[in-house]
file start-v2.cif (mmCIF, C-alpha atoms)
data_protein
#
loop_
_atom_site.group_PDB
_atom_site.id
_atom_site.type_symbol
_atom_site.label_atom_id
_atom_site.label_comp_id
_atom_site.auth_asym_id
_atom_site.auth_seq_id
_atom_site.Cartn_x
_atom_site.Cartn_y
_atom_site.Cartn_z
ATOM 1 C CA MET S 1 114.548 -30.851 47.441
ATOM 2 C CA GLN S 2 115.181 -27.159 46.978
ATOM 3 C CA PRO S 3 117.496 -26.302 44.103
ATOM 4 C CA SER S 4 121.002 -25.418 45.163
ATOM 5 C CA GLY S 5 122.580 -22.120 44.202
ATOM 6 C CA THR S 6 124.114 -21.603 40.785
ATOM 7 C CA ASP S 7 127.247 -19.854 39.655
ATOM 8 C CA THR S 8 125.446 -16.680 38.622
ATOM 9 C CA GLN S 9 128.732 -15.089 37.545
ATOM 10 C CA ARG S 10 129.137 -17.486 34.645
ATOM 11 C CA THR S 11 126.717 -18.050 31.803
ATOM 12 C CA LEU S 12 127.354 -21.485 30.372
ATOM 13 C CA LEU S 13 124.864 -21.354 27.494
ATOM 14 C CA GLN S 14 123.429 -18.374 25.658
ATOM 15 C CA LEU S 15 120.868 -18.872 22.894
ATOM 16 C CA GLY S 16 120.010 -15.777 20.885
ATOM 17 C CA SER S 17 116.970 -15.417 18.607
ATOM 18 C CA LEU S 18 117.008 -19.005 17.355
ATOM 19 C CA ARG S 19 114.736 -19.632 14.410
ATOM 20 C CA LYS S 20 113.910 -22.938 12.753
ATOM 21 C CA SER S 21 111.323 -23.860 10.162
ATOM 22 C CA PHE S 22 110.423 -27.118 8.493
ATOM 23 C CA GLY S 23 108.950 -26.000 5.181
ATOM 24 C CA GLU S 24 106.268 -23.455 6.052
ATOM 25 C CA ASN S 25 106.001 -24.708 9.629
ATOM 26 C CA VAL S 26 107.793 -22.275 11.963
ATOM 27 C CA VAL S 27 108.963 -24.378 14.923
ATOM 28 C CA LEU S 28 111.262 -21.897 16.676
ATOM 29 C CA ASP S 29 110.333 -18.249 16.315
ATOM 30 C CA GLY S 30 113.187 -16.220 17.778
ATOM 31 C CA VAL S 31 113.938 -18.097 21.009
ATOM 32 C CA SER S 32 116.483 -16.611 23.418
ATOM 33 C CA LEU S 33 117.542 -18.322 26.638
ATOM 34 C CA SER S 34 120.535 -18.172 28.964
ATOM 35 C CA VAL S 35 121.570 -20.906 31.376
ATOM 36 C CA SER S 36 124.079 -20.396 34.186
ATOM 37 C CA ALA S 37 126.642 -22.992 35.213
ATOM 38 C CA GLY S 38 125.054 -25.342 37.731
ATOM 39 C CA GLU S 39 121.523 -24.295 36.809
ATOM 40 C CA VAL S 40 118.634 -26.631 35.955
ATOM 41 C CA VAL S 41 116.067 -25.273 33.492
ATOM 42 C CA SER S 42 112.894 -27.173 32.613
ATOM 43 C CA LEU S 43 111.123 -26.647 29.290
ATOM 44 C CA ILE S 44 107.385 -27.265 29.349
ATOM 45 C CA GLY S 45 104.582 -26.709 26.873
ATOM 46 C CA PRO S 46 102.115 -28.489 24.601
ATOM 47 C CA SER S 47 103.175 -30.915 21.885
ATOM 48 C CA GLY S 48 104.478 -29.072 18.850
ATOM 49 C CA SER S 49 105.522 -25.983 20.796
ATOM 50 C CA GLY S 50 109.200 -26.387 19.850
ATOM 51 C CA LYS S 51 110.653 -27.830 23.070
ATOM 52 C CA SER S 52 112.489 -30.796 21.550
ATOM 53 C CA THR S 53 113.615 -28.800 18.523
ATOM 54 C CA LEU S 54 115.078 -26.169 20.839
ATOM 55 C CA LEU S 55 116.900 -28.830 22.812
ATOM 56 C CA ARG S 56 118.197 -30.544 19.662
ATOM 57 C CA SER S 57 119.389 -27.220 18.285
ATOM 58 C CA VAL S 58 121.796 -26.791 21.199
ATOM 59 C CA ASN S 59 124.017 -29.611 19.907
ATOM 60 C CA LEU S 60 123.057 -29.170 16.237
ATOM 61 C CA LEU S 61 121.032 -32.347 15.853
ATOM 62 C CA GLU S 62 118.747 -29.745 14.315
ATOM 63 C CA VAL S 63 120.571 -26.879 12.621
ATOM 64 C CA PRO S 64 118.838 -23.527 13.238
ATOM 65 C CA ASP S 65 118.014 -21.306 10.284
ATOM 66 C CA SER S 66 119.400 -18.326 12.177
ATOM 67 C CA GLY S 67 120.380 -17.149 15.639
ATOM 68 C CA THR S 68 123.381 -17.588 17.922
ATOM 69 C CA ILE S 69 124.550 -20.412 20.177
ATOM 70 C CA ILE S 70 127.288 -19.498 22.649
ATOM 71 C CA LEU S 71 128.599 -22.334 24.814
ATOM 72 C CA ASP S 72 130.975 -21.490 27.664
ATOM 73 C CA GLY S 73 131.923 -18.178 26.071
ATOM 74 C CA GLN S 74 132.537 -19.574 22.572
ATOM 75 C CA GLU S 75 130.109 -19.023 19.721
ATOM 76 C CA VAL S 76 129.257 -22.205 17.862
ATOM 77 C CA GLN S 77 129.980 -21.541 14.189
ATOM 78 C CA TYR S 78 127.275 -23.618 12.579
ATOM 79 C CA ARG S 79 126.849 -21.375 9.517
ATOM 80 C CA ASN S 80 129.197 -20.558 6.656
ATOM 81 C CA GLU S 81 127.823 -18.079 4.136
ATOM 82 C CA GLY S 82 124.289 -19.269 4.773
ATOM 83 C CA SER S 83 124.933 -23.005 4.664
ATOM 84 C CA VAL S 84 125.685 -25.557 7.347
ATOM 85 C CA TRP S 85 129.273 -25.472 8.576
ATOM 86 C CA ARG S 86 130.467 -28.990 7.815
ATOM 87 C CA ASN S 87 133.452 -28.896 10.135
ATOM 88 C CA ALA S 88 133.532 -32.273 11.887
ATOM 89 C CA ARG S 89 135.831 -30.920 14.614
ATOM 90 C CA ILE S 90 133.292 -28.273 15.618
ATOM 91 C CA LEU S 91 130.533 -30.881 15.865
ATOM 92 C CA SER S 92 132.788 -33.282 17.759
ATOM 93 C CA ASP S 93 133.846 -30.613 20.268
ATOM 94 C CA LEU S 94 130.248 -29.498 20.746
ATOM 95 C CA ARG S 95 128.867 -32.988 21.291
ATOM 96 C CA THR S 96 131.720 -33.852 23.644
ATOM 97 C CA SER S 97 130.748 -30.853 25.772
ATOM 98 C CA VAL S 98 126.996 -31.440 25.605
ATOM 99 C CA GLY S 99 125.516 -34.764 26.702
ATOM 100 C CA MET S 100 122.033 -35.737 25.557
ATOM 101 C CA VAL S 101 119.588 -38.367 26.751
ATOM 102 C CA PHE S 102 116.655 -39.245 24.516
ATOM 103 C CA GLN S 103 113.138 -40.520 25.099
ATOM 104 C CA ASN S 104 113.872 -43.940 23.588
ATOM 105 C CA PHE S 105 117.262 -44.764 25.184
ATOM 106 C CA ASN S 106 119.153 -45.298 21.880
ATOM 107 C CA LEU S 107 121.499 -47.878 23.397
ATOM 108 C CA TRP S 108 123.436 -50.121 21.044
ATOM 109 C CA PRO S 109 121.589 -53.457 21.287
ATOM 110 C CA HIS S 110 124.618 -55.540 20.263
ATOM 111 C CA LYS S 111 126.855 -54.112 23.002
ATOM 112 C CA THR S 112 126.770 -54.848 26.717
ATOM 113 C CA VAL S 113 125.957 -52.179 29.264
ATOM 114 C CA ILE S 114 129.599 -51.346 29.967
ATOM 115 C CA GLU S 115 130.478 -51.448 26.260
ATOM 116 C CA ASN S 116 127.745 -48.876 25.658
ATOM 117 C CA VAL S 117 129.208 -46.613 28.328
ATOM 118 C CA VAL S 118 132.883 -46.828 27.272
ATOM 119 C CA GLU S 119 132.348 -46.594 23.496
ATOM 120 C CA ALA S 120 132.408 -42.786 23.110
ATOM 121 C CA PRO S 121 135.135 -42.016 25.685
ATOM 122 C CA ILE S 122 137.479 -44.495 23.956
ATOM 123 C CA HIS S 123 136.678 -43.731 20.314
ATOM 124 C CA VAL S 124 135.789 -40.025 20.496
ATOM 125 C CA ARG S 125 137.899 -38.698 23.345
ATOM 126 C CA GLY S 126 140.735 -41.206 23.035
ATOM 127 C CA ILE S 127 140.559 -42.284 26.685
ATOM 128 C CA ALA S 128 142.665 -45.332 27.580
ATOM 129 C CA LEU S 129 140.733 -48.582 27.870
ATOM 130 C CA LYS S 130 141.366 -49.120 31.598
ATOM 131 C CA GLU S 131 140.563 -45.520 32.486
ATOM 132 C CA ALA S 132 137.342 -45.660 30.482
ATOM 133 C CA HIS S 133 136.288 -48.914 32.157
ATOM 134 C CA ASP S 134 137.105 -47.571 35.627
ATOM 135 C CA LYS S 135 135.038 -44.450 34.976
ATOM 136 C CA ALA S 136 132.189 -46.537 33.537
ATOM 137 C CA SER S 137 132.187 -48.773 36.607
ATOM 138 C CA GLU S 138 131.950 -45.716 38.872
ATOM 139 C CA LEU S 139 129.014 -44.388 36.879
ATOM 140 C CA LEU S 140 127.226 -47.747 36.837
ATOM 141 C CA GLU S 141 127.675 -47.986 40.589
ATOM 142 C CA MET S 142 126.270 -44.469 40.946
ATOM 143 C CA ILE S 143 123.106 -45.427 39.042
ATOM 144 C CA GLY S 144 122.823 -48.751 40.862
ATOM 145 C CA LEU S 145 123.524 -50.997 37.888
ATOM 146 C CA LEU S 146 127.101 -52.181 38.320
ATOM 147 C CA ASP S 147 125.815 -55.744 38.604
ATOM 148 C CA LYS S 148 124.306 -55.393 35.090
ATOM 149 C CA ARG S 149 127.570 -54.334 33.430
ATOM 150 C CA ASP S 150 127.798 -57.450 31.235
ATOM 151 C CA GLU S 151 124.110 -57.641 30.319
ATOM 152 C CA PHE S 152 122.709 -56.626 26.946
ATOM 153 C CA PRO S 153 120.095 -53.824 26.867
ATOM 154 C CA ARG S 154 117.259 -56.189 25.920
ATOM 155 C CA ARG S 155 117.594 -57.848 29.331
ATOM 156 C CA LEU S 156 117.040 -54.564 31.178
ATOM 157 C CA SER S 157 113.817 -52.795 32.076
ATOM 158 C CA GLY S 158 113.048 -49.480 30.405
ATOM 159 C CA GLY S 159 114.048 -47.603 33.541
ATOM 160 C CA GLN S 160 117.345 -49.463 33.725
ATOM 161 C CA GLN S 161 118.048 -48.769 30.045
ATOM 162 C CA GLN S 162 117.390 -45.077 30.555
ATOM 163 C CA ARG S 163 119.728 -44.983 33.546
ATOM 164 C CA VAL S 164 122.436 -46.602 31.388
ATOM 165 C CA ALA S 165 121.775 -43.952 28.731
ATOM 166 C CA ILE S 166 122.374 -41.269 31.377
ATOM 167 C CA ALA S 167 125.607 -42.972 32.461
ATOM 168 C CA ARG S 168 126.724 -43.168 28.831
ATOM 169 C CA ALA S 169 126.225 -39.412 28.406
ATOM 170 C CA LEU S 170 127.997 -38.649 31.698
ATOM 171 C CA ALA S 171 130.999 -40.760 30.665
ATOM 172 C CA MET S 172 132.037 -37.933 28.323
ATOM 173 C CA ASP S 173 132.285 -35.482 31.261
ATOM 174 C CA PRO S 174 129.939 -32.989 29.605
ATOM 175 C CA LYS S 175 129.584 -29.372 30.670
ATOM 176 C CA LEU S 176 125.860 -29.476 29.945
ATOM 177 C CA MET S 177 123.266 -32.262 29.965
ATOM 178 C CA LEU S 178 120.125 -32.230 27.811
ATOM 179 C CA PHE S 179 117.175 -34.475 28.673
ATOM 180 C CA ASP S 180 114.404 -34.862 26.083
ATOM 181 C CA GLU S 181 111.270 -36.252 27.756
ATOM 182 C CA VAL S 182 113.321 -39.112 29.122
ATOM 183 C CA THR S 183 110.516 -40.550 31.264
ATOM 184 C CA SER S 184 107.660 -40.391 28.758
ATOM 185 C CA ALA S 185 108.312 -43.867 27.278
ATOM 186 C CA LEU S 186 108.559 -45.525 30.701
ATOM 187 C CA ASP S 187 105.948 -47.425 32.650
ATOM 188 C CA PRO S 188 104.746 -45.240 35.545
ATOM 189 C CA GLU S 189 106.420 -47.374 38.205
ATOM 190 C CA LEU S 190 109.823 -46.864 36.513
ATOM 191 C CA VAL S 191 109.680 -43.067 36.211
ATOM 192 C CA GLY S 192 110.843 -42.443 39.776
ATOM 193 C CA GLU S 193 114.143 -44.294 39.449
ATOM 194 C CA VAL S 194 115.161 -42.101 36.488
ATOM 195 C CA LEU S 195 114.002 -38.872 38.140
ATOM 196 C CA ASP S 196 115.999 -39.824 41.251
ATOM 197 C CA ILE S 197 119.199 -39.985 39.171
ATOM 198 C CA MET S 198 118.428 -36.619 37.560
ATOM 199 C CA THR S 199 117.690 -35.084 40.945
ATOM 200 C CA SER S 200 121.021 -36.374 42.260
ATOM 201 C CA LEU S 201 122.832 -34.852 39.275
ATOM 202 C CA ALA S 202 121.115 -31.515 39.913
ATOM 203 C CA ARG S 203 122.056 -31.644 43.587
ATOM 204 C CA ASN S 204 125.696 -32.187 42.583
ATOM 205 C CA GLY S 205 125.741 -29.112 40.357
ATOM 206 C CA MET S 206 125.263 -30.510 36.845
ATOM 207 C CA THR S 207 123.973 -27.904 34.385
ATOM 208 C CA MET S 208 120.822 -29.322 32.804
ATOM 209 C CA ILE S 209 118.061 -28.419 30.364
ATOM 210 C CA VAL S 210 115.116 -30.769 30.698
ATOM 211 C CA VAL S 211 112.096 -31.129 28.421
ATOM 212 C CA THR S 212 109.527 -32.678 30.734
ATOM 213 C CA HIS S 213 105.884 -33.212 31.618
ATOM 214 C CA GLU S 214 106.879 -34.124 35.180
ATOM 215 C CA MET S 215 105.679 -30.997 36.961
ATOM 216 C CA GLY S 216 106.963 -32.202 40.328
ATOM 217 C CA PHE S 217 110.490 -32.347 38.934
ATOM 218 C CA ALA S 218 110.117 -28.937 37.307
ATOM 219 C CA ARG S 219 108.775 -27.377 40.503
ATOM 220 C CA HIS S 220 111.135 -28.910 43.064
ATOM 221 C CA VAL S 221 114.379 -29.560 41.166
ATOM 222 C CA SER S 222 114.566 -26.945 38.411
ATOM 223 C CA HIS S 223 115.759 -23.463 39.256
ATOM 224 C CA ARG S 224 113.745 -21.983 36.400
ATOM 225 C CA THR S 225 110.986 -23.200 34.111
ATOM 226 C CA ALA S 226 110.261 -21.896 30.613
ATOM 227 C CA PHE S 227 106.867 -22.360 28.948
ATOM 228 C CA LEU S 228 106.978 -22.636 25.151
ATOM 229 C CA PHE S 229 103.980 -21.910 22.977
ATOM 230 C CA LYS S 230 103.983 -21.853 19.167
ATOM 231 C CA GLY S 231 107.753 -21.665 18.942
ATOM 232 C CA ARG S 232 108.268 -18.896 21.487
ATOM 233 C CA ILE S 233 109.126 -18.756 25.177
ATOM 234 C CA GLU S 234 105.914 -17.190 26.433
ATOM 235 C CA GLU S 235 106.816 -17.262 30.117
ATOM 236 C CA CYS S 236 109.980 -18.019 32.078
ATOM 237 C CA GLY S 237 110.679 -17.641 35.760
ATOM 238 C CA GLU S 238 111.675 -19.197 39.068
ATOM 239 C CA SER S 239 110.036 -22.602 39.009
ATOM 240 C CA GLU S 240 108.026 -22.728 42.218
ATOM 241 C CA GLN S 241 106.672 -19.229 41.751
ATOM 242 C CA MET S 242 105.853 -19.582 38.071
ATOM 243 C CA LEU S 243 104.192 -22.968 38.362
ATOM 244 C CA ALA S 244 102.161 -21.845 41.379
ATOM 245 C CA ASN S 245 101.143 -18.520 39.842
ATOM 246 C CA PRO S 246 101.519 -18.517 36.037
ATOM 247 C CA GLN S 247 100.934 -15.152 34.371
ATOM 248 C CA SER S 248 100.198 -16.291 30.823
ATOM 249 C CA PRO S 249 96.703 -17.658 30.129
ATOM 250 C CA HIS S 250 98.284 -20.292 27.872
ATOM 251 C CA THR S 251 100.550 -21.405 30.732
ATOM 252 C CA ARG S 252 97.587 -21.607 33.109
ATOM 253 C CA GLN S 253 95.567 -23.619 30.597
ATOM 254 C CA PHE S 254 98.464 -26.016 29.978
ATOM 255 C CA LEU S 255 99.185 -26.545 33.693
ATOM 256 C CA ASN S 256 95.525 -27.116 34.494
ATOM 257 C CA ARG S 257 95.352 -29.800 31.821
ATOM 258 C CA VAL S 258 98.647 -31.490 32.768
ATOM 259 C CA LEU S 259 98.091 -31.409 36.526
ATOM 260 C CA HIS S 260 94.560 -32.767 36.073
ATOM 261 C CA HIS S 261 96.051 -35.892 34.477
ATOM 262 C CA GLN S 262 98.849 -36.429 37.038
#

call {"tool": "encode", "arguments": {"input": "start-v2.cif", "output": "structure tokens"}}
result
Amino acid sequence: MQPSGTDTQRTLLQLGSLRKSFGENVVLDGVSLSVSAGEVVSLIGPSGSGKSTLLRSVNLLEVPDSGTIILDGQEVQYRNEGSVWRNARILSDLRTSVGMVFQNFNLWPHKTVIENVVEAPIHVRGIALKEAHDKASELLEMIGLLDKRDEFPRRLSGGQQQRVAIARALAMDPKLMLFDEVTSALDPELVGEVLDIMTSLARNGMTMIVVTHEMGFARHVSHRTAFLFKGRIEECGESEQMLANPQSPHTRQFLNRVLHHQ
């Protein structure tokens, strides 16, 4: 699949000089990145390079030490005189607009599949019960799991659980989807079914930032790929071109190692 065109007139997300340290460990060292509406950007790099922290900073699961986050033209006010802005409405609005899917599913084990999907739309967005269930059924049909709607997560495979996690995030109608190494905990034979859903979302114009080691996805689905190294974006460009002809020696070394093991 070749990536479809993006709405280049509209920047959906603008990150400016984000910095984040844990003690003396500098994890993000002035990262800037813009993402257009409808664009898919993959983040690649070695462990500890800051990929997941960058992703988690977008929706303030990690609060940056400094820098700017502008989502759909509105700056996210996460600071107030140097401390975290504790405004629950700001966090709620941000996390309603930004869906996130994690490596380890994070489904509620005591709720059925459809209960997992309708929980946030009903209790966060105030969607009516019937409307939320109708939307959830559409999403479960889209991911091929409508017949599992009344099952509990423990009865699903890892790939099925991850697809439910994607449906749960989509149920909030987010402007932006974040995927944090969502296939790395899956058995190899289950990776494809999750990547197929993500590819379908990309084809339908969902704006996505994806932390991944799946170089095939980065090359063929992402519009751009950014390589992080020691908390900085060392190289960023059009995916096919960059992955075929990386300019940074660190990027070349990383790709040689990753592709050798795939």

call {"tool": "atom_distance", "arguments": {"input": "start-v2.cif", "atom1": "CA of Arg56 in chain S", "atom2": "CA of Thr225 in chain S"}}
result
17.7 Å

call {"tool": "resolve_selection", "arguments": {"input": "start-v2.cif", "expression": "the PyMOL selection byres ((chain S and resi 75) around 12)", "output": "compact mmCIF listing (two decimals) with C-alpha atoms, keeping the file's coordinate frame"}}
result
# COMPACT_ATOMS: atom_id res chain seq x y z
CA LEU S 12 127.35 -21.48 30.37
CA LEU S 13 124.86 -21.35 27.49
CA GLN S 14 123.43 -18.37 25.66
CA LEU S 15 120.87 -18.87 22.89
CA GLY S 16 120.01 -15.78 20.88
CA VAL S 58 121.80 -26.79 21.20
CA GLY S 67 120.38 -17.15 15.64
CA THR S 68 123.38 -17.59 17.92
CA ILE S 69 124.55 -20.41 20.18
CA ILE S 70 127.29 -19.50 22.65
CA LEU S 71 128.60 -22.33 24.81
CA ASP S 72 130.98 -21.49 27.66
CA GLY S 73 131.92 -18.18 26.07
CA GLN S 74 132.54 -19.57 22.57
CA VAL S 76 129.26 -22.20 17.86
CA GLN S 77 129.98 -21.54 14.19
CA TYR S 78 127.28 -23.62 12.58
CA ARG S 79 126.85 -21.38 9.52
CA ILE S 90 133.29 -28.27 15.62
CA LEU S 94 130.25 -29.50 20.75

call {"tool": "residues_around", "arguments": {"input": "start-v2.cif", "residues": "Asn104 in chain S", "least_positions_apart": "5", "cutoff": "12 Å", "atoms": "only C-alpha atoms", "output": "NGL selection string"}}
result
:S and (158-159 or 161-166 or 179-186)

call {"tool": "resolve_selection", "arguments": {"input": "start-v2.cif", "expression": "the PyMOL selection byres ((chain S and resi 30) around 9)", "output": "short mmCIF file (atom, residue, chain, number, x, y, z; two decimals) with C-alpha atoms, in the coordinates of the input"}}
result
data_model
loop_
_atom_site.label_atom_id
_atom_site.label_comp_id
_atom_site.auth_asym_id
_atom_site.auth_seq_id
_atom_site.Cartn_x
_atom_site.Cartn_y
_atom_site.Cartn_z
CA GLY S 16 120.01 -15.78 20.88
CA SER S 17 116.97 -15.42 18.61
CA LEU S 18 117.01 -19.00 17.36
CA ARG S 19 114.74 -19.63 14.41
CA LYS S 20 113.91 -22.94 12.75
CA LEU S 28 111.26 -21.90 16.68
CA ASP S 29 110.33 -18.25 16.32
CA VAL S 31 113.94 -18.10 21.01
CA SER S 32 116.48 -16.61 23.42
CA SER S 66 119.40 -18.33 12.18
CA GLY S 67 120.38 -17.15 15.64
CA GLY S 231 107.75 -21.66 18.94
CA ARG S 232 108.27 -18.90 21.49
CA ILE S 233 109.13 -18.76 25.18
#

call {"tool": "closest_residue", "arguments": {"input": "start-v2.cif", "among": "S:Ser200, S:Asn25, S:Thr53, S:Gln103", "to": "Thr212 in chain S", "atoms": "all atoms listed in the file"}}
result
S:Gln103

call {"tool": "residues_around", "arguments": {"input": "start-v2.cif", "residues": "Gly48 in chain S", "least_positions_apart": "3", "cutoff": "10 Å", "atoms": "all atoms listed in the file", "output": "list in words"}}
result
Val27, Gly45, Lys51, Ser52, Thr53, Leu228, Phe229, Lys230 and Gly231 of chain S

call {"tool": "resolve_selection", "arguments": {"input": "start-v2.cif", "expression": "the PyMOL selection byres ((chain S and resi 149) around 12)", "output": "JSON, numbers by chain"}}
result
{"S": [111, 112, 113, 114, 115, 116, 117, 118, 133, 134, 136, 137, 138, 139, 140, 141, 143, 144, 145, 146, 147, 148, 150, 151, 152, 153, 155, 156, 160, 161, 164, 167]}

call {"tool": "write_last_selection", "arguments": {"input": "start-v2.cif", "atoms": "C-alpha atoms", "output": "compact mmCIF listing (two decimals), in the coordinates of the input"}}
result
# COMPACT_ATOMS: atom_id res chain seq x y z
CA LYS S 111 126.86 -54.11 23.00
CA THR S 112 126.77 -54.85 26.72
CA VAL S 113 125.96 -52.18 29.26
CA ILE S 114 129.60 -51.35 29.97
CA GLU S 115 130.48 -51.45 26.26
CA ASN S 116 127.74 -48.88 25.66
CA VAL S 117 129.21 -46.61 28.33
CA VAL S 118 132.88 -46.83 27.27
CA HIS S 133 136.29 -48.91 32.16
CA ASP S 134 137.10 -47.57 35.63
CA ALA S 136 132.19 -46.54 33.54
CA SER S 137 132.19 -48.77 36.61
CA GLU S 138 131.95 -45.72 38.87
CA LEU S 139 129.01 -44.39 36.88
CA LEU S 140 127.23 -47.75 36.84
CA GLU S 141 127.68 -47.99 40.59
CA ILE S 143 123.11 -45.43 39.04
CA GLY S 144 122.82 -48.75 40.86
CA LEU S 145 123.52 -51.00 37.89
CA LEU S 146 127.10 -52.18 38.32
CA ASP S 147 125.82 -55.74 38.60
CA LYS S 148 124.31 -55.39 35.09
CA ASP S 150 127.80 -57.45 31.24
CA GLU S 151 124.11 -57.64 30.32
CA PHE S 152 122.71 -56.63 26.95
CA PRO S 153 120.10 -53.82 26.87
CA ARG S 155 117.59 -57.85 29.33
CA LEU S 156 117.04 -54.56 31.18
CA GLN S 160 117.34 -49.46 33.72
CA GLN S 161 118.05 -48.77 30.04
CA VAL S 164 122.44 -46.60 31.39
CA ALA S 167 125.61 -42.97 32.46

call {"tool": "atom_distance", "arguments": {"input": "start-v2.cif", "atom1": "CA of Asp187 in chain S", "atom2": "CA of Met215 in chain S"}}
result
17.0 Å

call {"tool": "atom_distance", "arguments": {"input": "start-v2.cif", "atom1": "CA of Met177 in chain S", "atom2": "CA of Ala244 in chain S"}}
result
26.2 Å

call {"tool": "residues_near_point", "arguments": {"input": "start-v2.cif", "point": "(130.2, -41.6, 28.7)", "cutoff": "7 Å", "atoms": "all atoms listed in the file", "output": "list of chain:residue names"}}
result
S:Val117, S:Val118, S:Ala120, S:Pro121, S:Ala167, S:Arg168, S:Ala169, S:Leu170, S:Ala171, S:Met172, S:Asp173

call {"tool": "decode", "arguments": {"input": "start-v2.cif", "residues": "range 113-125 of chain S", "atoms": "N, CA, C and O atoms", "output": "mmCIF file, in the first residue's frame"}}
result
data_model
loop_
_atom_site.group_PDB
_atom_site.id
_atom_site.type_symbol
_atom_site.label_atom_id
_atom_site.label_comp_id
_atom_site.auth_asym_id
_atom_site.auth_seq_id
_atom_site.Cartn_x
_atom_site.Cartn_y
_atom_site.Cartn_z
ATOM 1 N N VAL S 113 -15.996 -7.462 26.263
ATOM 2 C CA VAL S 113 -15.438 -6.702 25.143
ATOM 3 C C VAL S 113 -16.246 -5.431 24.889
ATOM 4 O O VAL S 113 -15.700 -4.322 24.819
ATOM 5 N N ILE S 114 -17.566 -5.555 24.748
ATOM 6 C CA ILE S 114 -18.348 -4.368 24.417
ATOM 7 C C ILE S 114 -18.401 -3.389 25.587
ATOM 8 O O ILE S 114 -18.426 -2.162 25.377
ATOM 9 N N GLU S 115 -18.360 -3.897 26.816
ATOM 10 C CA GLU S 115 -18.310 -2.994 27.972
ATOM 11 C C GLU S 115 -17.011 -2.193 27.982
ATOM 12 O O GLU S 115 -16.998 -1.011 28.349
ATOM 13 N N ASN S 116 -15.906 -2.826 27.589
ATOM 14 C CA ASN S 116 -14.646 -2.111 27.469
ATOM 15 C C ASN S 116 -14.744 -0.976 26.458
ATOM 16 O O ASN S 116 -14.221 0.110 26.684
ATOM 17 N N VAL S 117 -15.424 -1.233 25.351
ATOM 18 C CA VAL S 117 -15.476 -0.248 24.271
ATOM 19 C C VAL S 117 -16.406 0.921 24.594
ATOM 20 O O VAL S 117 -16.127 2.067 24.243
ATOM 21 N N VAL S 118 -17.516 0.662 25.307
ATOM 22 C CA VAL S 118 -18.495 1.726 25.557
ATOM 23 C C VAL S 118 -18.194 2.531 26.823
ATOM 24 O O VAL S 118 -18.785 3.594 27.029
ATOM 25 N N GLU S 119 -17.296 2.045 27.668
ATOM 26 C CA GLU S 119 -17.072 2.677 28.973
ATOM 27 C C GLU S 119 -16.748 4.170 28.859
ATOM 28 O O GLU S 119 -17.406 5.013 29.478
ATOM 29 N N ALA S 120 -15.714 4.518 28.086
ATOM 30 C CA ALA S 120 -15.295 5.926 28.006
ATOM 31 C C ALA S 120 -16.313 6.809 27.275
ATOM 32 O O ALA S 120 -16.599 7.915 27.751
ATOM 33 N N PRO S 121 -16.867 6.378 26.137
ATOM 34 C CA PRO S 121 -17.873 7.236 25.495
ATOM 35 C C PRO S 121 -19.047 7.579 26.415
ATOM 36 O O PRO S 121 -19.526 8.713 26.411
ATOM 37 N N ILE S 122 -19.487 6.624 27.237
ATOM 38 C CA ILE S 122 -20.629 6.868 28.122
ATOM 39 C C ILE S 122 -20.223 7.749 29.304
ATOM 40 O O ILE S 122 -20.880 8.751 29.608
ATOM 41 N N HIS S 123 -19.105 7.424 29.948
ATOM 42 C CA HIS S 123 -18.765 8.080 31.210
ATOM 43 C C HIS S 123 -17.886 9.315 31.045
ATOM 44 O O HIS S 123 -17.850 10.156 31.947
ATOM 45 N N VAL S 124 -17.184 9.428 29.919
ATOM 46 C CA VAL S 124 -16.347 10.611 29.691
ATOM 47 C C VAL S 124 -17.026 11.601 28.757
ATOM 48 O O VAL S 124 -17.089 12.792 29.036
ATOM 49 N N ARG S 125 -17.578 11.092 27.665
ATOM 50 C CA ARG S 125 -18.202 11.988 26.692
ATOM 51 C C ARG S 125 -19.700 12.156 26.901
ATOM 52 O O ARG S 125 -20.331 12.999 26.272
#
